[in-house]
Amino acid sequence: MDPTYSAEAESFREKIQAFLAEQLPSDWRGIGAMARDEMEVFQTAWRATLADHRYLAPSWPTEYGGGGMTEVEQVVLAEEFQRAGVPTGGLNDGFSIQMVGNTILHWGTPEQKAHFLPRIISGDDVWCQGYSEPDAGSDLAGLGCRAHLDGDEWVINGQKIWTSAGMTANWIFVLCRTDQDAPKHRGISFMLCPMEQDGVEVRPIMMMSGESEFNETFFTDARTAKDNVVGEVNGGWAVAMTLLGYERGEAAATMPIMFRGEADKLMRLAKERGLDRDPVFRDRLARIHTEVEIMGYLGKRSLTNFLQGGIPGPTESMFKLYWSEYHKRVTELAVDLLGEAAMIVEGKSPNTSFWCDLPGSANSSASWLGAFYNARAGTIYAGTSQIQRNILGEMVLGLPKEPKPQS
């Protein structure tokens, strides 16, 4: 692991800092300081600005509308955007660019790349994820959504759940069982399916926080073109794991910075409430400081692999397990610091249903309670903590597989 940057990287950092200074207002405090409707307007305009300057998909080849940047430049860009409190893309770009876009770059045919990648950059295609099912969440390979070939089209039937932002997407990448007789990991295909058709229905799910970010998605004879399979037919498990690696791996650049900012906010809360000198709270605050610093080094280790050309793999489960369990402790401490004030929701609730509140957010009970609710979900979405431990034990440490229950 090398935590330092070259002179060339620092020169590029200055270029990004100049870009941010030019594009952002002088009184900019971070996107978390905005009301939700203001944030959505800003983020739409900001996405267009990033696309115009080829900062929206910095790692993609320029022929598809990307920035063609080196791995180090991508990391520097992500770091500076996070420090400035601005997003790296639009509301769905975590799915559209980071996940399915990168997966198409890795596994897609030349025709798929030429068609889908520019449309992702332009915003014509907005994506969501169709992985989990009511009976196949942690055991993803046990999925039951099926697809069969009918002439030049696949016909899809089944259900997906926890479809984040499904109500705003017009395409979904979906895992389907295409061989009922094959072992469960070998009969799955990774498909790209349009959502704007009669055979696809999206139903919002109300969350504990009051938001409806998650959805159920139902497929009833939904259709997609024969050529919309990424990778081999019945070979979708490897494609799916590549996508999950991108989901977990590329966050290593920004999440330590994001959580460092939240930890600093927590320290301010302790001072505001006169509890920074309490010996019990000081001990817990010291633990948070230590853990967020460790997270930074875990992120740098993942980045070192990335910068050396490595593909995200099972070791990325360590980072996901670490930050999600850490975030529960941070937000629990915040609620304890608030004390009786945690029973009264004051201030603006977070504009996000994931991770911590956005940069620039107020140090209020509403912000911390929203983050507290979101932290519960963080140990479940993108793979539960239990599953992350299984992956690390079996695929990284080489331990025996978990025993199956006797029938």
# chains A, B, ... in the order shown; residues from 1 in each chain; ligands from 1
call {"tool": "closest_atom_pairs", "arguments": {"of": "range 88-122 of chain A", "to": "range 126-146 of chain A", "cutoff": "8 Å", "atoms": "only C-alpha atoms", "output": "tab-separated table"}}
result
residue	atom	partner	partner_atom	distance
A:Asn92	CA	A:Val126	CA	6.6
A:Asp93	CA	A:Val126	CA	7.8
A:Phe95	CA	A:Cys128	CA	5.8
A:Ser96	CA	A:Trp127	CA	5.0
A:Val100	CA	A:Trp127	CA	7.8
A:Ile120	CA	A:Val126	CA	6.7
call {"tool": "write_last_selection", "arguments": {"atoms": "N, CA and C atoms", "output": "mmCIF file, in the first residue's frame"}}
result
data_model
loop_
_atom_site.group_PDB
_atom_site.id
_atom_site.type_symbol
_atom_site.label_atom_id
_atom_site.label_comp_id
_atom_site.auth_asym_id
_atom_site.auth_seq_id
_atom_site.Cartn_x
_atom_site.Cartn_y
_atom_site.Cartn_z
ATOM 1 N N ASN A 92 -28.984 8.381 -10.126
ATOM 2 C CA ASN A 92 -28.944 6.952 -10.461
ATOM 3 C C ASN A 92 -27.593 6.482 -10.967
ATOM 4 N N ASP A 93 -26.594 7.362 -10.982
ATOM 5 C CA ASP A 93 -25.347 7.006 -11.644
ATOM 6 C C ASP A 93 -24.528 5.967 -10.888
ATOM 7 N N PHE A 95 -25.793 3.209 -10.092
ATOM 8 C CA PHE A 95 -26.217 2.029 -10.840
ATOM 9 C C PHE A 95 -25.811 2.137 -12.311
ATOM 10 N N SER A 96 -26.032 3.318 -12.904
ATOM 11 C CA SER A 96 -25.850 3.467 -14.344
ATOM 12 C C SER A 96 -24.388 3.423 -14.756
ATOM 13 N N VAL A 100 -23.519 -0.987 -13.736
ATOM 14 C CA VAL A 100 -23.775 -1.655 -15.011
ATOM 15 C C VAL A 100 -22.866 -1.128 -16.113
ATOM 16 N N ILE A 120 -25.882 6.075 -21.483
ATOM 17 C CA ILE A 120 -25.751 6.286 -20.049
ATOM 18 C C ILE A 120 -25.190 7.673 -19.771
#
call {"tool": "select_by_dssp", "arguments": {"residues": "range 152-311 of chain A", "states": "strand (DSSP E or B)", "output": "ChimeraX atom specification"}}
result
/A:153-161,171-177,188-194,200-205,214-225,229-230,235
call {"tool": "write_last_selection", "arguments": {"atoms": "N, CA and C atoms", "output": "tab-separated table (two decimals), in the first residue's frame"}}
result
chain	number	residue	atom	x	y	z
A	153	GLU	N	-36.41	-12.72	-28.81
A	153	GLU	CA	-36.60	-12.02	-27.55
A	153	GLU	C	-36.59	-13.00	-26.37
A	154	TRP	N	-36.11	-12.50	-25.22
A	154	TRP	CA	-36.25	-13.20	-23.97
A	154	TRP	C	-37.55	-12.76	-23.30
A	155	VAL	N	-38.26	-13.72	-22.74
A	155	VAL	CA	-39.51	-13.43	-22.02
A	155	VAL	C	-39.25	-13.69	-20.54
A	156	ILE	N	-39.45	-12.66	-19.71
A	156	ILE	CA	-39.08	-12.69	-18.30
A	156	ILE	C	-40.32	-12.73	-17.42
A	157	ASN	N	-40.31	-13.63	-16.43
A	157	ASN	CA	-41.39	-13.72	-15.45
A	157	ASN	C	-40.80	-13.91	-14.06
A	158	GLY	N	-41.32	-13.15	-13.09
A	158	GLY	CA	-40.84	-13.28	-11.72
A	158	GLY	C	-40.89	-11.96	-11.00
A	159	GLN	N	-40.23	-11.92	-9.86
A	159	GLN	CA	-40.27	-10.74	-8.99
A	159	GLN	C	-38.88	-10.42	-8.46
A	160	LYS	N	-38.59	-9.13	-8.36
A	160	LYS	CA	-37.39	-8.64	-7.68
A	160	LYS	C	-37.83	-7.68	-6.57
A	161	ILE	N	-36.96	-7.54	-5.55
A	161	ILE	CA	-37.30	-6.66	-4.43
A	161	ILE	C	-36.09	-5.82	-4.05
A	171	TRP	N	-34.38	1.45	-17.44
A	171	TRP	CA	-33.75	0.17	-17.75
A	171	TRP	C	-33.37	-0.51	-16.43
A	172	ILE	N	-33.35	-1.83	-16.45
A	172	ILE	CA	-32.97	-2.60	-15.29
A	172	ILE	C	-32.03	-3.73	-15.71
A	173	PHE	N	-30.93	-3.92	-14.97
A	173	PHE	CA	-30.11	-5.12	-15.21
A	173	PHE	C	-30.60	-6.18	-14.24
A	174	VAL	N	-30.94	-7.33	-14.78
A	174	VAL	CA	-31.70	-8.32	-14.02
A	174	VAL	C	-31.06	-9.70	-14.18
A	175	LEU	N	-30.94	-10.41	-13.06
A	175	LEU	CA	-30.47	-11.79	-13.09
A	175	LEU	C	-31.67	-12.72	-13.25
A	176	CYS	N	-31.60	-13.59	-14.26
A	176	CYS	CA	-32.69	-14.51	-14.55
A	176	CYS	C	-32.16	-15.93	-14.64
A	177	ARG	N	-33.00	-16.86	-14.23
A	177	ARG	CA	-32.66	-18.27	-14.41
A	177	ARG	C	-33.07	-18.68	-15.82
A	188	ILE	N	-27.81	-19.15	-14.65
A	188	ILE	CA	-28.25	-17.76	-14.50
A	188	ILE	C	-27.65	-16.91	-15.62
A	189	SER	N	-28.46	-15.98	-16.14
A	189	SER	CA	-27.97	-15.04	-17.16
A	189	SER	C	-28.19	-13.61	-16.69
A	190	PHE	N	-27.30	-12.73	-17.12
A	190	PHE	CA	-27.33	-11.31	-16.77
A	190	PHE	C	-27.95	-10.56	-17.95
A	191	MET	N	-29.15	-10.01	-17.76
A	191	MET	CA	-29.90	-9.41	-18.86
A	191	MET	C	-30.13	-7.92	-18.65
A	192	LEU	N	-30.24	-7.20	-19.75
A	192	LEU	CA	-30.59	-5.79	-19.77
A	192	LEU	C	-32.00	-5.67	-20.30
A	193	CYS	N	-32.89	-5.09	-19.50
A	193	CYS	CA	-34.32	-5.11	-19.85
A	193	CYS	C	-34.91	-3.71	-19.76
A	194	PRO	N	-35.64	-3.27	-20.79
A	194	PRO	CA	-36.34	-1.98	-20.70
A	194	PRO	C	-37.51	-2.07	-19.73
A	200	VAL	N	-43.75	-4.83	-17.00
A	200	VAL	CA	-42.94	-4.46	-15.84
A	200	VAL	C	-43.75	-3.53	-14.94
A	201	GLU	N	-43.90	-3.91	-13.67
A	201	GLU	CA	-44.63	-3.09	-12.70
A	201	GLU	C	-43.72	-2.82	-11.50
A	202	VAL	N	-43.67	-1.54	-11.07
A	202	VAL	CA	-42.85	-1.13	-9.95
A	202	VAL	C	-43.76	-0.62	-8.83
A	203	ARG	N	-43.57	-1.16	-7.62
A	203	ARG	CA	-44.37	-0.75	-6.45
A	203	ARG	C	-43.43	-0.27	-5.35
A	204	PRO	N	-43.60	0.99	-4.88
A	204	PRO	CA	-42.73	1.52	-3.82
A	204	PRO	C	-42.93	0.79	-2.49
A	205	ILE	N	-41.87	0.74	-1.68
A	205	ILE	CA	-41.91	0.16	-0.34
A	205	ILE	C	-41.58	1.27	0.65
A	214	PHE	N	-36.81	2.24	-1.92
A	214	PHE	CA	-36.84	0.86	-2.39
A	214	PHE	C	-38.18	0.54	-3.05
A	215	ASN	N	-38.16	-0.49	-3.89
A	215	ASN	CA	-39.37	-0.88	-4.61
A	215	ASN	C	-39.41	-2.39	-4.81
A	216	GLU	N	-40.61	-2.88	-5.09
A	216	GLU	CA	-40.79	-4.23	-5.64
A	216	GLU	C	-40.95	-4.09	-7.14
A	217	THR	N	-40.40	-5.04	-7.89
A	217	THR	CA	-40.53	-5.02	-9.34
A	217	THR	C	-41.06	-6.38	-9.80
A	218	PHE	N	-42.13	-6.34	-10.58
A	218	PHE	CA	-42.78	-7.56	-11.05
A	218	PHE	C	-42.66	-7.66	-12.58
A	219	PHE	N	-42.28	-8.83	-13.05
A	219	PHE	CA	-42.16	-9.10	-14.49
A	219	PHE	C	-43.24	-10.11	-14.88
A	220	THR	N	-44.07	-9.71	-15.82
A	220	THR	CA	-45.12	-10.60	-16.33
A	220	THR	C	-45.02	-10.62	-17.84
A	221	ASP	N	-44.35	-11.64	-18.38
A	221	ASP	CA	-44.10	-11.74	-19.82
A	221	ASP	C	-43.42	-10.48	-20.36
A	222	ALA	N	-42.52	-9.90	-19.53
A	222	ALA	CA	-41.72	-8.77	-20.00
A	222	ALA	C	-40.72	-9.27	-21.05
A	223	ARG	N	-40.38	-8.40	-21.98
A	223	ARG	CA	-39.54	-8.83	-23.10
A	223	ARG	C	-38.31	-7.93	-23.24
A	224	THR	N	-37.22	-8.58	-23.67
A	224	THR	CA	-36.01	-7.86	-24.01
A	224	THR	C	-35.33	-8.60	-25.16
A	225	ALA	N	-34.53	-7.87	-25.93
A	225	ALA	CA	-33.92	-8.43	-27.13
A	225	ALA	C	-32.97	-9.58	-26.80
A	229	VAL	N	-28.13	-9.93	-23.46
A	229	VAL	CA	-27.46	-10.71	-22.43
A	229	VAL	C	-26.00	-10.27	-22.38
A	230	VAL	N	-25.53	-9.90	-21.18
A	230	VAL	CA	-24.13	-9.50	-21.00
A	230	VAL	C	-23.35	-10.73	-20.55
A	235	GLY	N	-24.05	-17.96	-18.03
A	235	GLY	CA	-22.79	-17.60	-17.38
A	235	GLY	C	-22.89	-16.30	-16.62
call {"tool": "residues_around", "arguments": {"residues": "range 399-404 of chain A", "least_positions_apart": "4", "cutoff": "12 Å", "atoms": "only C-alpha atoms", "output": "VMD selection string"}}
result
chain A and resid 386 to 387 389 to 395
call {"tool": "residues_around", "arguments": {"residues": "Ala375 in chain A", "least_positions_apart": "3", "cutoff": "10 Å", "atoms": "only C-alpha atoms", "output": "list in words"}}
result
Trp323, Ser324, Glu325, Tyr326, His327, Lys328, Arg329, Val330, Thr331, Glu332, Ser353, Phe354, Trp355, Cys356, Leu369, Gly370, Ala371, Phe372, Gly378, Thr379 and Ile380 of chain A
call {"tool": "select_by_dssp", "arguments": {"residues": "range 225-398 of chain A", "states": "alpha helix (DSSP H)", "output": "short mmCIF file (atom, residue, chain, number, x, y, z; two decimals) with N, CA and C atoms, in the first residue's frame"}}
result
data_model
loop_
_atom_site.label_atom_id
_atom_site.label_comp_id
_atom_site.auth_asym_id
_atom_site.auth_seq_id
_atom_site.Cartn_x
_atom_site.Cartn_y
_atom_site.Cartn_z
N GLY A 236 -24.09 -15.94 -16.19
CA GLY A 236 -24.31 -14.63 -15.57
C GLY A 236 -23.78 -14.49 -14.16
N TRP A 237 -23.48 -15.61 -13.49
CA TRP A 237 -23.01 -15.49 -12.11
C TRP A 237 -21.67 -14.75 -12.05
N ALA A 238 -20.77 -15.06 -12.97
CA ALA A 238 -19.48 -14.37 -12.99
C ALA A 238 -19.66 -12.89 -13.30
N VAL A 239 -20.60 -12.57 -14.18
CA VAL A 239 -20.88 -11.16 -14.51
C VAL A 239 -21.44 -10.45 -13.29
N ALA A 240 -22.35 -11.11 -12.58
CA ALA A 240 -22.96 -10.52 -11.39
C ALA A 240 -21.93 -10.24 -10.32
N MET A 241 -20.98 -11.14 -10.14
CA MET A 241 -19.95 -10.93 -9.12
C MET A 241 -19.00 -9.80 -9.51
N THR A 242 -18.73 -9.64 -10.80
CA THR A 242 -17.92 -8.51 -11.25
C THR A 242 -18.62 -7.20 -10.90
N LEU A 243 -19.93 -7.14 -11.16
CA LEU A 243 -20.68 -5.93 -10.85
C LEU A 243 -20.64 -5.62 -9.36
N LEU A 244 -20.83 -6.63 -8.51
CA LEU A 244 -20.78 -6.40 -7.06
C LEU A 244 -19.40 -5.93 -6.63
N GLY A 245 -18.36 -6.42 -7.30
CA GLY A 245 -17.02 -5.95 -6.99
C GLY A 245 -16.85 -4.47 -7.29
N TYR A 246 -17.40 -4.02 -8.43
CA TYR A 246 -17.35 -2.59 -8.74
C TYR A 246 -18.16 -1.78 -7.73
N GLU A 247 -19.31 -2.31 -7.33
CA GLU A 247 -20.15 -1.61 -6.35
C GLU A 247 -19.39 -1.37 -5.05
N ARG A 248 -18.65 -2.38 -4.60
CA ARG A 248 -17.97 -2.29 -3.30
C ARG A 248 -16.58 -1.68 -3.42
N GLY A 249 -15.90 -1.94 -4.55
CA GLY A 249 -14.51 -1.55 -4.66
C GLY A 249 -14.28 -0.08 -4.91
N MET A 255 -15.52 6.93 0.37
CA MET A 255 -16.23 6.67 1.62
C MET A 255 -15.40 7.00 2.86
N PRO A 256 -14.08 6.72 2.91
CA PRO A 256 -13.33 7.15 4.09
C PRO A 256 -13.39 8.66 4.31
N ILE A 257 -13.38 9.44 3.23
CA ILE A 257 -13.48 10.90 3.35
C ILE A 257 -14.86 11.28 3.86
N MET A 258 -15.89 10.64 3.32
CA MET A 258 -17.26 10.91 3.73
C MET A 258 -17.46 10.61 5.21
N PHE A 259 -16.97 9.44 5.65
CA PHE A 259 -17.14 9.07 7.04
C PHE A 259 -16.23 9.88 7.96
N ARG A 260 -15.07 10.34 7.46
CA ARG A 260 -14.23 11.24 8.25
C ARG A 260 -14.97 12.55 8.52
N GLY A 261 -15.66 13.07 7.50
CA GLY A 261 -16.44 14.28 7.68
C GLY A 261 -17.57 14.09 8.69
N GLU A 262 -18.21 12.92 8.65
CA GLU A 262 -19.27 12.65 9.61
C GLU A 262 -18.71 12.54 11.03
N ALA A 263 -17.53 11.91 11.17
CA ALA A 263 -16.91 11.80 12.49
C ALA A 263 -16.55 13.17 13.05
N ASP A 264 -16.07 14.06 12.20
CA ASP A 264 -15.78 15.43 12.65
C ASP A 264 -17.05 16.13 13.11
N LYS A 265 -18.12 15.89 12.39
CA LYS A 265 -19.41 16.45 12.78
C LYS A 265 -19.85 15.91 14.14
N LEU A 266 -19.58 14.63 14.38
CA LEU A 266 -19.91 14.02 15.67
C LEU A 266 -19.11 14.67 16.80
N MET A 267 -17.83 14.94 16.56
CA MET A 267 -17.02 15.61 17.58
C MET A 267 -17.59 16.98 17.91
N ARG A 268 -18.07 17.70 16.89
CA ARG A 268 -18.67 19.02 17.14
C ARG A 268 -19.94 18.89 17.96
N LEU A 269 -20.71 17.83 17.68
CA LEU A 269 -21.94 17.62 18.45
C LEU A 269 -21.60 17.40 19.93
N ALA A 270 -20.57 16.61 20.20
CA ALA A 270 -20.17 16.36 21.59
C ALA A 270 -19.78 17.66 22.28
N LYS A 271 -19.05 18.54 21.58
CA LYS A 271 -18.65 19.81 22.17
C LYS A 271 -19.87 20.71 22.41
N GLU A 272 -20.77 20.75 21.42
CA GLU A 272 -21.96 21.59 21.55
C GLU A 272 -22.81 21.19 22.76
N PRO A 279 -15.74 11.31 30.60
CA PRO A 279 -14.79 10.22 30.34
C PRO A 279 -15.38 9.07 29.54
N VAL A 280 -16.63 8.73 29.76
CA VAL A 280 -17.24 7.62 29.01
C VAL A 280 -17.40 7.99 27.55
N PHE A 281 -17.92 9.20 27.31
CA PHE A 281 -18.10 9.63 25.92
C PHE A 281 -16.76 9.86 25.23
N ARG A 282 -15.76 10.35 25.96
CA ARG A 282 -14.44 10.55 25.36
C ARG A 282 -13.84 9.23 24.89
N ASP A 283 -14.06 8.18 25.67
CA ASP A 283 -13.56 6.86 25.28
C ASP A 283 -14.23 6.38 24.00
N ARG A 284 -15.55 6.59 23.91
CA ARG A 284 -16.27 6.17 22.71
C ARG A 284 -15.89 7.03 21.50
N LEU A 285 -15.69 8.33 21.73
CA LEU A 285 -15.26 9.21 20.64
C LEU A 285 -13.86 8.83 20.14
N ALA A 286 -12.99 8.46 21.07
CA ALA A 286 -11.64 8.04 20.67
C ALA A 286 -11.69 6.79 19.82
N ARG A 287 -12.61 5.87 20.17
CA ARG A 287 -12.74 4.65 19.37
C ARG A 287 -13.20 4.99 17.95
N ILE A 288 -14.17 5.91 17.83
CA ILE A 288 -14.65 6.31 16.50
C ILE A 288 -13.51 6.93 15.69
N HIS A 289 -12.73 7.81 16.34
CA HIS A 289 -11.60 8.43 15.63
C HIS A 289 -10.64 7.36 15.11
N THR A 290 -10.33 6.38 15.96
CA THR A 290 -9.41 5.32 15.56
C THR A 290 -9.97 4.50 14.42
N GLU A 291 -11.25 4.16 14.51
CA GLU A 291 -11.86 3.29 13.50
C GLU A 291 -11.97 3.99 12.15
N VAL A 292 -12.27 5.29 12.14
CA VAL A 292 -12.40 5.96 10.86
C VAL A 292 -11.03 6.14 10.20
N GLU A 293 -9.97 6.26 11.01
CA GLU A 293 -8.62 6.30 10.46
C GLU A 293 -8.25 4.94 9.85
N ILE A 294 -8.60 3.87 10.55
CA ILE A 294 -8.36 2.52 10.00
C ILE A 294 -9.10 2.34 8.69
N MET A 295 -10.34 2.86 8.62
CA MET A 295 -11.10 2.76 7.39
C MET A 295 -10.37 3.42 6.23
N GLY A 296 -9.73 4.54 6.52
CA GLY A 296 -8.97 5.22 5.48
C GLY A 296 -7.86 4.35 4.92
N TYR A 297 -7.17 3.62 5.79
CA TYR A 297 -6.08 2.75 5.33
C TYR A 297 -6.63 1.50 4.61
N LEU A 298 -7.78 1.01 5.06
CA LEU A 298 -8.41 -0.09 4.32
C LEU A 298 -8.79 0.36 2.92
N GLY A 299 -9.31 1.59 2.82
CA GLY A 299 -9.63 2.13 1.51
C GLY A 299 -8.41 2.27 0.63
N LYS A 300 -7.30 2.74 1.22
CA LYS A 300 -6.07 2.89 0.43
C LYS A 300 -5.54 1.53 -0.04
N ARG A 301 -5.75 0.48 0.76
CA ARG A 301 -5.32 -0.84 0.31
C ARG A 301 -6.14 -1.28 -0.90
N SER A 302 -7.46 -1.05 -0.85
CA SER A 302 -8.29 -1.38 -2.02
C SER A 302 -7.88 -0.55 -3.22
N LEU A 303 -7.56 0.72 -2.98
CA LEU A 303 -7.17 1.59 -4.08
C LEU A 303 -5.84 1.17 -4.68
N THR A 304 -4.92 0.68 -3.84
CA THR A 304 -3.64 0.21 -4.37
C THR A 304 -3.85 -0.92 -5.36
N ASN A 305 -4.74 -1.85 -5.02
CA ASN A 305 -5.07 -2.93 -5.95
C ASN A 305 -5.68 -2.38 -7.23
N PHE A 306 -6.57 -1.40 -7.08
CA PHE A 306 -7.23 -0.79 -8.23
C PHE A 306 -6.21 -0.08 -9.12
N LEU A 307 -5.30 0.68 -8.48
CA LEU A 307 -4.32 1.44 -9.25
C LEU A 307 -3.32 0.55 -9.97
N GLU A 316 -13.00 -7.17 -1.40
CA GLU A 316 -13.74 -5.92 -1.19
C GLU A 316 -14.83 -6.09 -0.15
N SER A 317 -15.20 -7.35 0.16
CA SER A 317 -16.19 -7.58 1.20
C SER A 317 -15.70 -7.08 2.55
N MET A 318 -14.38 -7.05 2.75
CA MET A 318 -13.84 -6.56 4.01
C MET A 318 -14.19 -5.09 4.22
N PHE A 319 -14.06 -4.30 3.17
CA PHE A 319 -14.35 -2.87 3.28
C PHE A 319 -15.83 -2.63 3.52
N LYS A 320 -16.68 -3.38 2.81
CA LYS A 320 -18.12 -3.21 2.99
C LYS A 320 -18.53 -3.61 4.41
N LEU A 321 -18.02 -4.72 4.90
CA LEU A 321 -18.32 -5.18 6.25
C LEU A 321 -17.86 -4.15 7.27
N TYR A 322 -16.69 -3.59 7.07
CA TYR A 322 -16.11 -2.66 8.04
C TYR A 322 -16.95 -1.39 8.15
N TRP A 323 -17.21 -0.73 6.99
CA TRP A 323 -17.89 0.56 7.09
C TRP A 323 -19.32 0.42 7.58
N SER A 324 -20.02 -0.65 7.19
CA SER A 324 -21.42 -0.78 7.59
C SER A 324 -21.57 -1.06 9.09
N GLU A 325 -20.69 -1.89 9.65
CA GLU A 325 -20.74 -2.14 11.09
C GLU A 325 -20.26 -0.92 11.88
N TYR A 326 -19.24 -0.25 11.36
CA TYR A 326 -18.76 0.99 11.99
C TYR A 326 -19.86 2.04 12.05
N HIS A 327 -20.63 2.16 10.97
CA HIS A 327 -21.63 3.23 10.91
C HIS A 327 -22.73 3.04 11.94
N LYS A 328 -23.04 1.84 12.29
CA LYS A 328 -24.01 1.62 13.37
C LYS A 328 -23.49 2.22 14.68
N ARG A 329 -22.21 2.00 14.99
CA ARG A 329 -21.65 2.51 16.24
C ARG A 329 -21.60 4.04 16.27
N VAL A 330 -21.26 4.65 15.14
CA VAL A 330 -21.20 6.11 15.07
C VAL A 330 -22.57 6.72 15.35
N THR A 331 -23.57 6.22 14.67
CA THR A 331 -24.91 6.82 14.81
C THR A 331 -25.53 6.50 16.16
N GLU A 332 -25.22 5.35 16.72
CA GLU A 332 -25.70 5.04 18.08
C GLU A 332 -25.09 6.03 19.09
N LEU A 333 -23.81 6.34 18.91
CA LEU A 333 -23.16 7.31 19.78
C LEU A 333 -23.80 8.69 19.61
N ALA A 334 -24.12 9.07 18.38
CA ALA A 334 -24.75 10.37 18.14
C ALA A 334 -26.09 10.47 18.87
N VAL A 335 -26.89 9.42 18.81
CA VAL A 335 -28.18 9.43 19.51
C VAL A 335 -27.98 9.52 21.01
N ASP A 336 -26.97 8.83 21.54
CA ASP A 336 -26.67 8.91 22.97
C ASP A 336 -26.22 10.32 23.34
N LEU A 337 -25.44 10.97 22.49
CA LEU A 337 -25.03 12.35 22.75
C LEU A 337 -26.22 13.30 22.74
N LEU A 338 -27.17 13.07 21.84
CA LEU A 338 -28.36 13.91 21.78
C LEU A 338 -29.21 13.74 23.03
N SER A 365 -30.88 17.01 15.20
CA SER A 365 -31.42 15.70 15.55
C SER A 365 -32.00 15.01 14.32
N ALA A 366 -32.64 15.76 13.42
CA ALA A 366 -33.23 15.15 12.23
C ALA A 366 -32.15 14.52 11.35
N SER A 367 -31.02 15.21 11.20
CA SER A 367 -29.93 14.69 10.39
C SER A 367 -29.36 13.42 11.01
N TRP A 368 -29.10 13.44 12.31
CA TRP A 368 -28.50 12.27 12.96
C TRP A 368 -29.47 11.10 13.04
N LEU A 369 -30.73 11.38 13.30
CA LEU A 369 -31.70 10.28 13.35
C LEU A 369 -31.88 9.64 11.98
N GLY A 370 -31.86 10.45 10.92
CA GLY A 370 -31.94 9.89 9.58
C GLY A 370 -30.76 8.99 9.28
N ALA A 371 -29.55 9.45 9.68
CA ALA A 371 -28.36 8.62 9.49
C ALA A 371 -28.43 7.35 10.34
N PHE A 372 -28.99 7.48 11.55
CA PHE A 372 -29.16 6.31 12.44
C PHE A 372 -30.04 5.26 11.78
N TYR A 373 -31.16 5.68 11.19
CA TYR A 373 -32.04 4.73 10.50
C TYR A 373 -31.33 4.10 9.30
N ASN A 374 -30.63 4.93 8.54
CA ASN A 374 -29.94 4.43 7.35
C ASN A 374 -28.85 3.43 7.71
N ALA A 375 -28.21 3.62 8.87
CA ALA A 375 -27.12 2.73 9.27
C ALA A 375 -27.62 1.31 9.52
N ARG A 376 -28.86 1.18 9.97
CA ARG A 376 -29.41 -0.18 10.17
C ARG A 376 -29.44 -0.92 8.83
N ALA A 377 -29.86 -0.20 7.80
CA ALA A 377 -29.98 -0.84 6.47
C ALA A 377 -28.62 -1.12 5.86
N GLY A 378 -27.58 -0.35 6.25
CA GLY A 378 -26.27 -0.51 5.65
C GLY A 378 -25.66 -1.88 5.87
N SER A 385 -24.03 -8.36 6.48
CA SER A 385 -22.77 -8.58 7.18
C SER A 385 -22.46 -10.06 7.32
N GLN A 386 -23.49 -10.86 7.52
CA GLN A 386 -23.27 -12.31 7.66
C GLN A 386 -22.71 -12.90 6.36
N ILE A 387 -23.24 -12.47 5.24
CA ILE A 387 -22.77 -12.97 3.95
C ILE A 387 -21.36 -12.47 3.67
N GLN A 388 -21.06 -11.21 4.04
CA GLN A 388 -19.71 -10.70 3.83
C GLN A 388 -18.69 -11.54 4.61
N ARG A 389 -19.06 -11.93 5.83
CA ARG A 389 -18.15 -12.77 6.62
C ARG A 389 -17.97 -14.13 5.97
N ASN A 390 -19.05 -14.69 5.41
CA ASN A 390 -18.92 -15.97 4.71
C ASN A 390 -17.99 -15.85 3.50
N ILE A 391 -18.14 -14.76 2.74
CA ILE A 391 -17.30 -14.56 1.56
C ILE A 391 -15.83 -14.47 1.97
#
call {"tool": "residues_around", "arguments": {"residues": "Gly90 in chain A", "least_positions_apart": "3", "cutoff": "8 Å", "atoms": "only C-alpha atoms", "output": "ChimeraX atom specification"}}
result
/A:43-44,46-47,87,93
call {"tool": "write_last_selection", "arguments": {"atoms": "C-alpha atoms", "output": "PDB file, in the first residue's frame"}}
result
ATOM      1  CA  GLN A  43     -27.736  17.753  -9.336  1.00  0.00           C
ATOM      2  CA  THR A  44     -29.399  17.661 -12.761  1.00  0.00           C
ATOM      3  CA  TRP A  46     -24.261  19.516 -12.243  1.00  0.00           C
ATOM      4  CA  ARG A  47     -24.484  16.183 -14.049  1.00  0.00           C
ATOM      5  CA  PRO A  87     -21.692  14.582  -6.234  1.00  0.00           C
ATOM      6  CA  ASP A  93     -25.347   7.006 -11.644  1.00  0.00           C
TER       7      ASP A  93
END
call {"tool": "closest_residue", "arguments": {"among": "A:Gln180, A:Pro359, A:Asp227, A:Gly66", "to": "Gly151 in chain A", "atoms": "only C-alpha atoms"}}
result
A:Asp227
call {"tool": "closest_residue", "arguments": {"among": "A:Asn363, A:Met195, A:Leu56, A:Ala165", "to": "Glu213 in chain A", "atoms": "only C-alpha atoms"}}
result
A:Ala165
call {"tool": "atom_distance", "arguments": {"atom1": "CA of Val86 in chain A", "atom2": "CA of Ile31 in chain A"}}
result
5.9 Å
call {"tool": "residues_around", "arguments": {"residues": "Glu80 in chain A", "least_positions_apart": "2", "cutoff": "9 Å", "atoms": "only C-alpha atoms", "output": "PDB file with C-alpha atoms, in the first residue's frame"}}
result
ATOM      1  CA  ARG A  13      -5.509  17.746  -8.168  1.00  0.00           C
ATOM      2  CA  ILE A  16      -9.744  19.734 -10.332  1.00  0.00           C
ATOM      3  CA  GLN A  17      -9.671  22.250  -7.500  1.00  0.00           C
ATOM      4  CA  LEU A  20     -14.577  23.306  -8.661  1.00  0.00           C
ATOM      5  CA  VAL A  75      -8.980   8.622  -7.405  1.00  0.00           C
ATOM      6  CA  VAL A  76      -7.880  12.259  -7.129  1.00  0.00           C
ATOM      7  CA  LEU A  77     -11.080  13.406  -8.842  1.00  0.00           C
ATOM      8  CA  ALA A  78     -13.228  11.380  -6.439  1.00  0.00           C
ATOM      9  CA  GLN A  82     -15.999  14.435  -1.865  1.00  0.00           C
ATOM     10  CA  ARG A  83     -14.038  17.106   0.000  1.00  0.00           C
ATOM     11  CA  ALA A  84     -15.943  19.835  -1.846  1.00  0.00           C
ATOM     12  CA  GLY A  85     -19.269  18.201  -1.003  1.00  0.00           C
ATOM     13  CA  VAL A  86     -20.418  17.771  -4.602  1.00  0.00           C
ATOM     14  CA  THR A 254     -14.647   8.444  -1.329  1.00  0.00           C
TER      15      THR A 254
END
